[in-house]
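Trainee: I am sharing model_25.pdb, which consists of PDB, C-alpha atoms:
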```
ATOM      1  CA  MET T 639     -17.244 -10.347   1.498  1.00  0.00           C
ATOM      2  CA  ARG T 640     -15.455  -9.747  -1.766  1.00  0.00           C
ATOM      3  CA  ARG T 641     -13.584  -6.453  -2.103  1.00  0.00           C
ATOM      4  CA  SER T 642     -13.269  -4.654  -5.393  1.00  0.00           C
ATOM      5  CA  ALA T 643     -10.146  -2.708  -6.319  1.00  0.00           C
ATOM      6  CA  THR T 644     -11.824   0.581  -5.373  1.00  0.00           C
ATOM      7  CA  ASP T 645     -12.646  -0.552  -1.834  1.00  0.00           C
ATOM      8  CA  TYR T 646      -9.076  -0.101  -0.554  1.00  0.00           C
ATOM      9  CA  THR T 647      -7.946   2.976   1.338  1.00  0.00           C
ATOM     10  CA  GLY T 648      -4.497   4.322   2.002  1.00  0.00           C
ATOM     11  CA  LYS T 649      -4.777   2.959   5.534  1.00  0.00           C
ATOM     12  CA  ASP T 650      -5.198  -0.583   4.160  1.00  0.00           C
ATOM     13  CA  LEU T 651      -2.093  -0.270   1.984  1.00  0.00           C
ATOM     14  CA  VAL T 652      -0.025   1.177   4.840  1.00  0.00           C
ATOM     15  CA  ARG T 653      -1.075  -1.761   7.041  1.00  0.00           C
ATOM     16  CA  ALA T 654      -0.027  -4.187   4.293  1.00  0.00           C
ATOM     17  CA  ALA T 655       3.318  -2.389   3.824  1.00  0.00           C
ATOM     18  CA  ARG T 656       4.087  -2.738   7.530  1.00  0.00           C
ATOM     19  CA  LYS T 657       3.204  -6.455   7.443  1.00  0.00           C
ATOM     20  CA  LEU T 658       5.615  -6.845   4.519  1.00  0.00           C
ATOM     21  CA  GLY T 659       8.363  -5.385   6.717  1.00  0.00           C
ATOM     22  CA  HIS T 660       8.526  -1.951   5.086  1.00  0.00           C
ATOM     23  CA  ILE T 661       9.108   1.279   7.012  1.00  0.00           C
ATOM     24  CA  THR T 662       6.384   3.946   6.776  1.00  0.00           C
ATOM     25  CA  VAL T 663       6.743   7.673   7.391  1.00  0.00           C
ATOM     26  CA  GLU T 664       3.493   9.571   7.936  1.00  0.00           C
ATOM     27  CA  GLY T 665       3.068  12.961   6.292  1.00  0.00           C
ATOM     28  CA  LYS T 666       0.047  15.285   6.303  1.00  0.00           C
ATOM     29  CA  LYS T 667      -1.710  13.881   3.219  1.00  0.00           C
ATOM     30  CA  HIS T 668       0.532  10.988   2.156  1.00  0.00           C
ATOM     31  CA  THR T 669       2.584   8.180   3.670  1.00  0.00           C
ATOM     32  CA  ARG T 670       6.029   7.405   2.262  1.00  0.00           C
ATOM     33  CA  VAL T 671       7.109   3.762   2.199  1.00  0.00           C
ATOM     34  CA  TYR T 672      10.738   2.611   2.407  1.00  0.00           C
ATOM     35  CA  ASP T 673      12.247  -0.863   2.350  1.00  0.00           C
ATOM     36  CA  SER T 674      14.070  -2.181   5.423  1.00  0.00           C
ATOM     37  CA  GLY T 675      17.383  -0.880   4.043  1.00  0.00           C
ATOM     38  CA  GLY T 676      16.037   2.665   3.785  1.00  0.00           C
ATOM     39  CA  GLY T 677      15.475   2.687   0.014  1.00  0.00           C
ATOM     40  CA  TYR T 678      12.390   4.559  -1.226  1.00  0.00           C
ATOM     41  CA  ILE T 679       9.558   2.394  -2.578  1.00  0.00           C
ATOM     42  CA  THR T 680       6.418   4.534  -3.050  1.00  0.00           C
ATOM     43  CA  THR T 681       4.044   7.175  -1.687  1.00  0.00           C
ATOM     44  CA  ILE T 682       0.514   6.256  -0.598  1.00  0.00           C
ATOM     45  CA  PRO T 683      -2.250   8.880  -0.346  1.00  0.00           C
ATOM     46  CA  ARG T 684      -4.562   8.746   2.679  1.00  0.00           C
ATOM     47  CA  SER T 685      -7.683   8.943   0.502  1.00  0.00           C
ATOM     48  CA  LYS T 686      -9.532   6.159  -1.336  1.00  0.00           C
ATOM     49  CA  ILE T 687      -7.308   4.321  -3.807  1.00  0.00           C
ATOM     50  CA  LYS T 688      -8.473   3.993  -7.410  1.00  0.00           C
ATOM     51  CA  LYS T 689      -7.885   0.906  -9.544  1.00  0.00           C
ATOM     52  CA  GLY T 690      -4.894   2.187 -11.558  1.00  0.00           C
ATOM     53  CA  LEU T 691      -3.076   3.561  -8.526  1.00  0.00           C
ATOM     54  CA  LEU T 692      -3.683   0.322  -6.622  1.00  0.00           C
ATOM     55  CA  ALA T 693      -2.133  -1.667  -9.470  1.00  0.00           C
ATOM     56  CA  ALA T 694       0.923   0.619  -9.533  1.00  0.00           C
ATOM     57  CA  ILE T 695       1.455   0.437  -5.758  1.00  0.00           C
ATOM     58  CA  LEU T 696       1.059  -3.357  -5.712  1.00  0.00           C
ATOM     59  CA  LYS T 697       3.603  -3.623  -8.533  1.00  0.00           C
ATOM     60  CA  GLN T 698       6.051  -1.508  -6.505  1.00  0.00           C
ATOM     61  CA  PHE T 699       5.459  -3.743  -3.469  1.00  0.00           C
ATOM     62  CA  GLY T 700       5.929  -6.833  -5.642  1.00  0.00           C
ATOM     63  CA  ILE T 701       2.628  -8.470  -4.641  1.00  0.00           C
ATOM     64  CA  THR T 702      -0.718  -9.281  -6.271  1.00  0.00           C
ATOM     65  CA  GLU T 703      -4.180  -8.210  -5.178  1.00  0.00           C
ATOM     66  CA  ALA T 704      -4.826 -11.729  -3.858  1.00  0.00           C
ATOM     67  CA  GLU T 705      -1.733 -11.460  -1.644  1.00  0.00           C
ATOM     68  CA  LEU T 706      -2.917  -8.040  -0.460  1.00  0.00           C
ATOM     69  CA  LYS T 707      -6.260  -9.572   0.580  1.00  0.00           C
ATOM     70  CA  ARG T 708      -4.436 -12.222   2.615  1.00  0.00           C
ATOM     71  CA  LEU T 709      -2.317  -9.559   4.362  1.00  0.00           C
ATOM     72  CA  LEU T 710      -5.420  -7.635   5.423  1.00  0.00           C
TER      73      LEU T 710
END
```
With the file now loaded, output its structure as structure tokens.
Mentor:
Amino acid sequence: MRRSATDYTGKDLVRAARKLGHITVEGKKHTRVYDSGGGYITTIPRSKIKKGLLAAILKQFGITEAELKRLL
């Protein structure tokens, strides 16, 4: 099944971040993502991710949407 950009949740992006080797720190409403050296990368909300936010987070991860689909 084909996923559109609005079908991703914060949980999906956190799972992808962990597969990329990033460190995640759970908060109440958001998850902070750090690289393996401890440098801050981004914050991911737990709610549904809209198209513009998805594009920004993927850019910060350095991956494309096609690569995200393969990770999930």
Trainee: Just the number, please: distance in Å from atom CA of T:Ala654 to atom CA of T:Lys689, one decimal.
Mentor: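 Taking atom CA of T:Ala654 as the start and atom CA of T:Lys689 as the end point, the length is 16.7 Å.
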Trainee: Which residues fall under the PyMOL selection byres ((chain T and resi 663-680) around 10) in this file, as a list in words?
Mentor: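 Residues picked by the PyMOL selection byres ((chain T and resi 663-680) around 10): Gly648, Lys649, Leu651, Val652, Ala655, Arg656, Leu658, Gly659, His660, Ile661, Thr662, Thr681, Ile682, Pro683, Arg684, Ser685, Ala694, Ile695, Leu696, Gln698 and Phe699 of chain T.
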Trainee: What does the file look like for those residues with C-alpha atoms, as a tab-separated table (two decimals), keeping the file's coordinate frame?
Mentor:
```tsv
chain	number	residue	atom	x	y	z
T	648	GLY	CA	-4.50	4.32	2.00
T	649	LYS	CA	-4.78	2.96	5.53
T	651	LEU	CA	-2.09	-0.27	1.98
T	652	VAL	CA	-0.02	1.18	4.84
T	655	ALA	CA	3.32	-2.39	3.82
T	656	ARG	CA	4.09	-2.74	7.53
T	658	LEU	CA	5.62	-6.84	4.52
T	659	GLY	CA	8.36	-5.38	6.72
T	660	HIS	CA	8.53	-1.95	5.09
T	661	ILE	CA	9.11	1.28	7.01
T	662	THR	CA	6.38	3.95	6.78
T	681	THR	CA	4.04	7.18	-1.69
T	682	ILE	CA	0.51	6.26	-0.60
T	683	PRO	CA	-2.25	8.88	-0.35
T	684	ARG	CA	-4.56	8.75	2.68
T	685	SER	CA	-7.68	8.94	0.50
T	694	ALA	CA	0.92	0.62	-9.53
T	695	ILE	CA	1.46	0.44	-5.76
T	696	LEU	CA	1.06	-3.36	-5.71
T	698	GLN	CA	6.05	-1.51	-6.50
T	699	PHE	CA	5.46	-3.74	-3.47
```
Trainee: Can you tell me how far atom CA of T:Gly690 sits from atom CA of T:Lys657, in Å to one decimal?
Mentor: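 So the two atoms, atom CA of T:Gly690 and atom CA of T:Lys657, lie 22.4 Å apart.
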Trainee: Any idea what's packed within 9 Å of T:Glu703, counting all atoms listed in the file, ignoring anything in its chain fewer than 4 positions away? Could you give it as a list of chain:residue names?
Mentor: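 What passes the distance filter is T:Ala643, T:Leu692, T:Ala693, T:Leu696, T:Lys707, T:Arg708.
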Trainee: Convert the current residue selection to file output with C-alpha atoms, as an mmCIF file, in the coordinates of the input.
Mentor:
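Below you can see part_4.cif, which holds the result:
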```
data_model
loop_
_atom_site.group_PDB
_atom_site.id
_atom_site.type_symbol
_atom_site.label_atom_id
_atom_site.label_comp_id
_atom_site.auth_asym_id
_atom_site.auth_seq_id
_atom_site.Cartn_x
_atom_site.Cartn_y
_atom_site.Cartn_z
ATOM 1 C CA ALA T 643 -10.146 -2.708 -6.319
ATOM 2 C CA LEU T 692 -3.683 0.322 -6.622
ATOM 3 C CA ALA T 693 -2.133 -1.667 -9.470
ATOM 4 C CA LEU T 696 1.059 -3.357 -5.712
ATOM 5 C CA LYS T 707 -6.260 -9.572 0.580
ATOM 6 C CA ARG T 708 -4.436 -12.222 2.615
#
```
Trainee: Kindly reconstruct stretch 666-700 of chain T with N, CA and C atoms and present the result as a PDB file, keeping the file's coordinate frame.
Mentor:
```
ATOM      1  N   LYS T 666       1.379  14.715   6.076  1.00  0.00           N
ATOM      2  CA  LYS T 666       0.047  15.285   6.303  1.00  0.00           C
ATOM      3  C   LYS T 666      -1.012  14.620   5.428  1.00  0.00           C
ATOM      4  N   LYS T 667      -0.723  14.452   4.132  1.00  0.00           N
ATOM      5  CA  LYS T 667      -1.710  13.881   3.219  1.00  0.00           C
ATOM      6  C   LYS T 667      -1.271  12.563   2.597  1.00  0.00           C
ATOM      7  N   HIS T 668      -0.002  12.200   2.757  1.00  0.00           N
ATOM      8  CA  HIS T 668       0.532  10.988   2.156  1.00  0.00           C
ATOM      9  C   HIS T 668       1.422  10.256   3.149  1.00  0.00           C
ATOM     10  N   THR T 669       1.658   8.988   2.886  1.00  0.00           N
ATOM     11  CA  THR T 669       2.584   8.180   3.670  1.00  0.00           C
ATOM     12  C   THR T 669       3.656   7.672   2.721  1.00  0.00           C
ATOM     13  N   ARG T 670       4.918   7.900   3.074  1.00  0.00           N
ATOM     14  CA  ARG T 670       6.029   7.405   2.262  1.00  0.00           C
ATOM     15  C   ARG T 670       6.430   6.031   2.776  1.00  0.00           C
ATOM     16  N   VAL T 671       6.751   5.141   1.852  1.00  0.00           N
ATOM     17  CA  VAL T 671       7.109   3.762   2.199  1.00  0.00           C
ATOM     18  C   VAL T 671       8.542   3.498   1.748  1.00  0.00           C
ATOM     19  N   TYR T 672       9.339   2.958   2.671  1.00  0.00           N
ATOM     20  CA  TYR T 672      10.738   2.611   2.407  1.00  0.00           C
ATOM     21  C   TYR T 672      10.942   1.135   2.693  1.00  0.00           C
ATOM     22  N   ASP T 673      11.928   0.528   2.027  1.00  0.00           N
ATOM     23  CA  ASP T 673      12.247  -0.863   2.350  1.00  0.00           C
ATOM     24  C   ASP T 673      13.075  -0.892   3.628  1.00  0.00           C
ATOM     25  N   SER T 674      13.375  -2.058   4.135  1.00  0.00           N
ATOM     26  CA  SER T 674      14.070  -2.181   5.423  1.00  0.00           C
ATOM     27  C   SER T 674      15.480  -1.599   5.378  1.00  0.00           C
ATOM     28  N   GLY T 675      16.053  -1.470   4.186  1.00  0.00           N
ATOM     29  CA  GLY T 675      17.383  -0.880   4.043  1.00  0.00           C
ATOM     30  C   GLY T 675      17.353   0.626   3.913  1.00  0.00           C
ATOM     31  N   GLY T 676      16.166   1.214   3.892  1.00  0.00           N
ATOM     32  CA  GLY T 676      16.037   2.665   3.785  1.00  0.00           C
ATOM     33  C   GLY T 676      15.805   3.174   2.377  1.00  0.00           C
ATOM     34  N   GLY T 677      15.725   2.279   1.397  1.00  0.00           N
ATOM     35  CA  GLY T 677      15.475   2.687   0.014  1.00  0.00           C
ATOM     36  C   GLY T 677      14.005   3.025  -0.207  1.00  0.00           C
ATOM     37  N   TYR T 678      13.753   4.101  -0.957  1.00  0.00           N
ATOM     38  CA  TYR T 678      12.390   4.559  -1.226  1.00  0.00           C
ATOM     39  C   TYR T 678      11.653   3.564  -2.110  1.00  0.00           C
ATOM     40  N   ILE T 679      10.390   3.275  -1.761  1.00  0.00           N
ATOM     41  CA  ILE T 679       9.558   2.394  -2.578  1.00  0.00           C
ATOM     42  C   ILE T 679       8.444   3.184  -3.255  1.00  0.00           C
ATOM     43  N   THR T 680       7.564   3.833  -2.471  1.00  0.00           N
ATOM     44  CA  THR T 680       6.418   4.534  -3.050  1.00  0.00           C
ATOM     45  C   THR T 680       5.806   5.511  -2.055  1.00  0.00           C
ATOM     46  N   THR T 681       4.835   6.273  -2.513  1.00  0.00           N
ATOM     47  CA  THR T 681       4.044   7.175  -1.687  1.00  0.00           C
ATOM     48  C   THR T 681       2.589   6.737  -1.787  1.00  0.00           C
ATOM     49  N   ILE T 682       1.910   6.679  -0.639  1.00  0.00           N
ATOM     50  CA  ILE T 682       0.514   6.256  -0.598  1.00  0.00           C
ATOM     51  C   ILE T 682      -0.342   7.406  -0.083  1.00  0.00           C
ATOM     52  N   PRO T 683      -1.350   7.837  -0.852  1.00  0.00           N
ATOM     53  CA  PRO T 683      -2.250   8.880  -0.346  1.00  0.00           C
ATOM     54  C   PRO T 683      -3.171   8.323   0.734  1.00  0.00           C
ATOM     55  N   ARG T 684      -3.669   9.183   1.602  1.00  0.00           N
ATOM     56  CA  ARG T 684      -4.562   8.746   2.679  1.00  0.00           C
ATOM     57  C   ARG T 684      -5.999   8.536   2.198  1.00  0.00           C
ATOM     58  N   SER T 685      -6.318   9.027   1.013  1.00  0.00           N
ATOM     59  CA  SER T 685      -7.683   8.943   0.502  1.00  0.00           C
ATOM     60  C   SER T 685      -7.964   7.565  -0.089  1.00  0.00           C
ATOM     61  N   LYS T 686      -9.149   7.413  -0.681  1.00  0.00           N
ATOM     62  CA  LYS T 686      -9.532   6.159  -1.336  1.00  0.00           C
ATOM     63  C   LYS T 686      -8.618   5.918  -2.538  1.00  0.00           C
ATOM     64  N   ILE T 687      -8.250   4.684  -2.745  1.00  0.00           N
ATOM     65  CA  ILE T 687      -7.308   4.321  -3.807  1.00  0.00           C
ATOM     66  C   ILE T 687      -8.083   3.821  -5.026  1.00  0.00           C
ATOM     67  N   LYS T 688      -7.815   4.428  -6.178  1.00  0.00           N
ATOM     68  CA  LYS T 688      -8.473   3.993  -7.410  1.00  0.00           C
ATOM     69  C   LYS T 688      -7.724   2.812  -8.016  1.00  0.00           C
ATOM     70  N   LYS T 689      -8.376   2.158  -8.978  1.00  0.00           N
ATOM     71  CA  LYS T 689      -7.885   0.906  -9.544  1.00  0.00           C
ATOM     72  C   LYS T 689      -6.471   1.017 -10.131  1.00  0.00           C
ATOM     73  N   GLY T 690      -6.205   2.036 -10.918  1.00  0.00           N
ATOM     74  CA  GLY T 690      -4.894   2.187 -11.558  1.00  0.00           C
ATOM     75  C   GLY T 690      -3.781   2.438 -10.557  1.00  0.00           C
ATOM     76  N   LEU T 691      -4.062   3.274  -9.559  1.00  0.00           N
ATOM     77  CA  LEU T 691      -3.076   3.561  -8.526  1.00  0.00           C
ATOM     78  C   LEU T 691      -2.810   2.322  -7.682  1.00  0.00           C
ATOM     79  N   LEU T 692      -3.855   1.562  -7.380  1.00  0.00           N
ATOM     80  CA  LEU T 692      -3.683   0.322  -6.622  1.00  0.00           C
ATOM     81  C   LEU T 692      -2.759  -0.629  -7.365  1.00  0.00           C
ATOM     82  N   ALA T 693      -2.969  -0.771  -8.669  1.00  0.00           N
ATOM     83  CA  ALA T 693      -2.133  -1.667  -9.470  1.00  0.00           C
ATOM     84  C   ALA T 693      -0.676  -1.215  -9.452  1.00  0.00           C
ATOM     85  N   ALA T 694      -0.440   0.098  -9.538  1.00  0.00           N
ATOM     86  CA  ALA T 694       0.923   0.619  -9.533  1.00  0.00           C
ATOM     87  C   ALA T 694       1.603   0.392  -8.178  1.00  0.00           C
ATOM     88  N   ILE T 695       0.881   0.622  -7.091  1.00  0.00           N
ATOM     89  CA  ILE T 695       1.455   0.437  -5.758  1.00  0.00           C
ATOM     90  C   ILE T 695       1.745  -1.038  -5.502  1.00  0.00           C
ATOM     91  N   LEU T 696       0.834  -1.922  -5.893  1.00  0.00           N
ATOM     92  CA  LEU T 696       1.059  -3.357  -5.712  1.00  0.00           C
ATOM     93  C   LEU T 696       2.268  -3.830  -6.521  1.00  0.00           C
ATOM     94  N   LYS T 697       2.447  -3.274  -7.710  1.00  0.00           N
ATOM     95  CA  LYS T 697       3.603  -3.623  -8.533  1.00  0.00           C
ATOM     96  C   LYS T 697       4.892  -3.182  -7.835  1.00  0.00           C
ATOM     97  N   GLN T 698       4.874  -1.996  -7.214  1.00  0.00           N
ATOM     98  CA  GLN T 698       6.051  -1.508  -6.505  1.00  0.00           C
ATOM     99  C   GLN T 698       6.331  -2.339  -5.255  1.00  0.00           C
ATOM    100  N   PHE T 699       5.288  -2.855  -4.625  1.00  0.00           N
ATOM    101  CA  PHE T 699       5.459  -3.743  -3.469  1.00  0.00           C
ATOM    102  C   PHE T 699       5.898  -5.140  -3.899  1.00  0.00           C
ATOM    103  N   GLY T 700       5.588  -5.506  -5.145  1.00  0.00           N
ATOM    104  CA  GLY T 700       5.929  -6.833  -5.642  1.00  0.00           C
ATOM    105  C   GLY T 700       4.939  -7.906  -5.216  1.00  0.00           C
TER     106      GLY T 700
END
```
